[in-house]
Amino acid sequence: MQGHDLKSRSAPIAGTPEGRSKTRAEAIASLFRVPADLSSDAIALAACRQTAQIRCVRVHFRIPDQGGLTPAPYSVRYLVRALMQSPLDLRVVKAAARLEHVRYAIRDMAVLADQLAGEGKTILPLNIGDPLNFDFQTPPHLIGAVEKAMRDGKNGYAPSLGIPEAVEAIHGEAERKGIRHIQSVFLTAGVSEAVDVCLTALVDAGENVLTPSPEYPLYSAVLAKLGAEPNPYLQDESNQWEPDLADIARKVDSKTRAIVVGNPNNPTGSVYSRRTLEGIAEIARRHDLVIFADEIYDKLILDGDPHASLAALAPDLCVVTFNGLSKAYLVPGWRVGWGVVSGNAAALRPYLEGVHQLLRARLCSNQPQQYAVRPALEGPQDHLAEVRSKLRARRDLTVEACRAIPHLSCVAPRGAFYAFPRIDVPDSDEEFVKGLLVEKHVLAVHGTGFGQAPGTKHLRIVFLPDEAILRRAYEGLRAFMAEHYS
């Protein structure tokens, strides 16, 4: 069979209407003149019977990807084998159905950005909360502590709950924040693992957990994996993104096991008032709910009163407080997180046995990095003043820019390094951020990736980059809005 090449990389394969992309099976069927209405197995079998005669056939056809339809070359042999490794006994390995609802918009948008970067475009990143991608540096005494631990041979397995000195330091930090009746402290591979373990130990399929809307999407992803349901409660944009206590109370039902409280909040940057926290505690008390208090940004308060830990306001309740070194101590890649479980010992005993069982099953978190916990919590805190100063300036620049752009409004964040401006455009917020990325190379994340009130549209901005990058990004945002929505 004579080798050939379809000249146009972007033209549809012969025999299809202009503009319609082909599936792999259709491409093979067209190339080998096999009826396209056969099963994939039959198409592959017919194609494979002819591949022995083929030396250099290459075909270009369009395949869907994150950025739309992209021409790509595939050899016929590759196409056939990709469709069916053996024409007679292919068995597709299916993913679990429960993964259908697992989403992580923060990283998903980065796929398209990587494609554009590969084409030589300079991306202005406002999407991922990693301070070390910008002008923030890990405190040297933490690096020294981990290096010393490694050189001292602390490279094996650690106790499942964590090394004693780290556990003691976290316990002391919790007490300084006013948390009492501490029943357990344990270290994990970042707060993400702590969330996974603690939800897994608590909820069964069909039960639900109250989650903020908008929310950090990890919680819903873990619940989807467990066959449980996120039960979203509103954060009120008209009230500085404070949780709507009445909405929380309405959402509790017989299958509600817990409530997630992220304070300071990702993605809104809000910091909850003491009155709101006490209101949440009262609802949890009334309905016997476990509280998951995610306080990873507690040292990054940019305005107003110091952070109040929810567990300190509700010593009688079962509260799991999550925290770690990633954000305030600038080591997200070390994956050092922890949980502090407080409340009535007798009430917590069965649940804690489940948590500890799961911690033992996964062995331990990284041992050398645990030796940074005590120096972090008990050592010099000088870097925090500089971090907060930079974040305040960049927050102010972000809010000013958002409020100056037509069709955009923004509640000023008071903590962390996120803003969640509202956009008033006819398109979906996902279409908006994709267009912004493709045309202006500004990478933000669409609000639907976090959840939001019906009828509203948002984007999340990470204001960690320096002022020069932020100004370029906001000028791109202003121009995009003017070109499409003026």
# chains A, B, ... in the order shown; residues from 1 in each chain; ligands from 1
>>> closest_atom_pairs(of="region 344-453 of chain A", to="region 258-280 of chain A", cutoff="7 Å", atoms="only C-alpha atoms", output="tab-separated table")
residue	atom	partner	partner_atom	distance
A:Pro413	CA	A:Gly269	CA	4.3
A:Arg414	CA	A:Ser270	CA	5.5
A:Gly415	CA	A:Gly269	CA	5.0
A:Ala416	CA	A:Gly269	CA	5.6
A:Phe417	CA	A:Gly269	CA	6.6
A:Tyr418	CA	A:Gly269	CA	5.2
A:Ala419	CA	A:Thr268	CA	5.4
A:Phe420	CA	A:Thr268	CA	5.0
>>> write_last_selection(atoms="N, CA and C atoms", output="mmCIF file, in the first residue's frame")
data_model
loop_
_atom_site.group_PDB
_atom_site.id
_atom_site.type_symbol
_atom_site.label_atom_id
_atom_site.label_comp_id
_atom_site.auth_asym_id
_atom_site.auth_seq_id
_atom_site.Cartn_x
_atom_site.Cartn_y
_atom_site.Cartn_z
ATOM 1 N N PRO A 413 -10.490 41.522 50.257
ATOM 2 C CA PRO A 413 -10.117 40.425 51.153
ATOM 3 C C PRO A 413 -9.363 40.937 52.365
ATOM 4 N N ARG A 414 -9.556 40.253 53.500
ATOM 5 C CA ARG A 414 -8.889 40.650 54.735
ATOM 6 C C ARG A 414 -7.855 39.642 55.200
ATOM 7 N N GLY A 415 -7.756 38.514 54.504
ATOM 8 C CA GLY A 415 -6.790 37.502 54.900
ATOM 9 C C GLY A 415 -6.373 36.662 53.710
ATOM 10 N N ALA A 416 -5.311 35.864 53.908
ATOM 11 C CA ALA A 416 -4.767 34.991 52.867
ATOM 12 C C ALA A 416 -4.270 35.837 51.692
ATOM 13 N N PHE A 417 -4.319 35.302 50.464
ATOM 14 C CA PHE A 417 -3.834 36.047 49.299
ATOM 15 C C PHE A 417 -4.713 35.798 48.080
ATOM 16 N N TYR A 418 -6.024 35.783 48.323
ATOM 17 C CA TYR A 418 -6.997 35.556 47.266
ATOM 18 C C TYR A 418 -8.024 36.684 47.226
ATOM 19 N N ALA A 419 -8.480 36.987 46.006
ATOM 20 C CA ALA A 419 -9.641 37.849 45.804
ATOM 21 C C ALA A 419 -10.613 37.097 44.907
ATOM 22 N N PHE A 420 -11.904 37.411 45.076
ATOM 23 C CA PHE A 420 -12.942 36.689 44.338
ATOM 24 C C PHE A 420 -13.900 37.707 43.712
#
>>> residues_around(residues="Ile170 (chain A)", least_positions_apart="3", cutoff="12 Å", atoms="only C-alpha atoms", output="NGL selection string")
:A and (161-167 or 173-177 or 179 or 182 or 184-187 or 321-325 or 336-341 or 370-378)
>>> closest_residue(among="A:Asp424, A:Glu215, A:Asp466, A:Asp303", to="Phe450 (chain A)", atoms="only C-alpha atoms")
A:Glu215
>>> closest_residue(among="A:Arg388, A:Arg286, A:Arg422, A:Arg257", to="Thr211 (chain A)", atoms="only C-alpha atoms")
A:Arg257
>>> residues_around(residues="Leu99 (chain A)", least_positions_apart="5", cutoff="9 Å", atoms="only C-alpha atoms", output="MDAnalysis selection string")
chainID A and resid 221 224:225
>>> write_last_selection(atoms="N, CA and C atoms", output="compact mmCIF listing (two decimals), in the first residue's frame")
# COMPACT_ATOMS: atom_id res chain seq x y z
N ALA A 221 -14.26 17.15 46.51
CA ALA A 221 -13.60 16.06 45.81
C ALA A 221 -13.47 14.83 46.70
N ALA A 224 -16.91 13.27 47.21
CA ALA A 224 -17.32 12.52 46.02
C ALA A 224 -16.65 11.15 46.00
N LYS A 225 -15.40 11.10 46.36
CA LYS A 225 -14.68 9.83 46.40
C LYS A 225 -15.30 8.87 47.40
>>> closest_residue(among="A:Arg285, A:Lys251, A:Arg392, A:Lys299", to="Lys327 (chain A)", atoms="only C-alpha atoms")
A:Lys299
>>> closest_atom_pairs(of="region 129-173 of chain A", to="region 122-125 of chain A", cutoff="12 Å", atoms="only C-alpha atoms", output="tab-separated table")
residue	atom	partner	partner_atom	distance
A:Gly129	CA	A:Pro125	CA	9.9
A:Asp130	CA	A:Pro125	CA	10.7
A:Pro131	CA	A:Pro125	CA	11.7
A:Asn133	CA	A:Pro125	CA	9.5
A:Phe134	CA	A:Pro125	CA	10.0
>>> write_last_selection(atoms="C-alpha atoms", output="compact mmCIF listing (two decimals), in the first residue's frame")
# COMPACT_ATOMS: atom_id res chain seq x y z
CA GLY A 129 -1.35 29.88 45.77
CA ASP A 130 2.33 28.91 45.89
CA PRO A 131 4.33 31.83 47.32
CA ASN A 133 6.71 30.84 42.58
CA PHE A 134 7.17 34.53 43.30
>>> select_by_dssp(residues="region 64-307 of chain A", states="alpha helix (DSSP H)", output="ChimeraX atom specification")
/A:76-83,105-118,140-151,164-176,190-202,218-226,245-251,274-287
>>> residues_around(residues="Leu116 (chain A)", least_positions_apart="4", cutoff="12 Å", atoms="only C-alpha atoms", output="list of chain:residue names")
A:Gln66, A:Gly67, A:Met109, A:Ala110, A:Val111, A:Leu112, A:Gly120, A:Lys121, A:Thr122, A:Ile123, A:Leu124, A:Lys434, A:Leu437, A:Val438, A:Glu439, A:Lys440, A:His441, A:Val442, A:Leu443
>>> write_last_selection(atoms="C-alpha atoms", output="PDB file, in the first residue's frame")
ATOM      1  CA  GLN A  66      -8.383  21.549  26.766  1.00  0.00           C
ATOM      2  CA  GLY A  67      -7.884  24.332  24.230  1.00  0.00           C
ATOM      3  CA  MET A 109      -7.044  25.571  33.845  1.00  0.00           C
ATOM      4  CA  ALA A 110      -3.271  25.209  33.973  1.00  0.00           C
ATOM      5  CA  VAL A 111      -3.410  22.563  31.215  1.00  0.00           C
ATOM      6  CA  LEU A 112      -4.398  25.169  28.632  1.00  0.00           C
ATOM      7  CA  GLY A 120       6.164  30.689  23.417  1.00  0.00           C
ATOM      8  CA  LYS A 121       3.538  32.803  25.171  1.00  0.00           C
ATOM      9  CA  THR A 122       4.386  34.447  28.510  1.00  0.00           C
ATOM     10  CA  ILE A 123       1.678  33.545  31.007  1.00  0.00           C
ATOM     11  CA  LEU A 124       0.748  35.947  33.816  1.00  0.00           C
ATOM     12  CA  LYS A 434     -10.496  30.859  28.952  1.00  0.00           C
ATOM     13  CA  LEU A 437      -6.031  33.326  28.974  1.00  0.00           C
ATOM     14  CA  VAL A 438      -5.999  32.711  25.218  1.00  0.00           C
ATOM     15  CA  GLU A 439      -6.105  36.388  24.222  1.00  0.00           C
ATOM     16  CA  LYS A 440      -4.266  38.189  27.031  1.00  0.00           C
ATOM     17  CA  HIS A 441      -2.344  35.269  28.596  1.00  0.00           C
ATOM     18  CA  VAL A 442      -3.712  36.070  32.043  1.00  0.00           C
ATOM     19  CA  LEU A 443      -4.354  32.882  34.017  1.00  0.00           C
TER      20      LEU A 443
END
>>> residues_around(residues="Ala158 (chain A)", least_positions_apart="5", cutoff="8 Å", atoms="only C-alpha atoms", output="PyMOL selection string")
chain A and resi 163+363-367
>>> atom_distance(atom1="CA of Asp253 (chain A)", atom2="CA of Leu317 (chain A)")
18.7 Å
>>> closest_residue(among="A:Ile291, A:Cys318, A:Ala361, A:Cys402", to="Leu470 (chain A)", atoms="only C-alpha atoms")
A:Cys402
>>> residues_around(residues="Asp382 (chain A)", least_positions_apart="4", cutoff="10 Å", atoms="only C-alpha atoms", output="PyMOL selection string")
chain A and resi 139+386-387
>>> select_by_dssp(residues="region 299-376 of chain A", states="strand (DSSP E)", output="JSON, numbers by chain")
{"A": [319, 320, 321, 322, 323, 324, 336, 337, 338, 339, 340, 341, 342]}
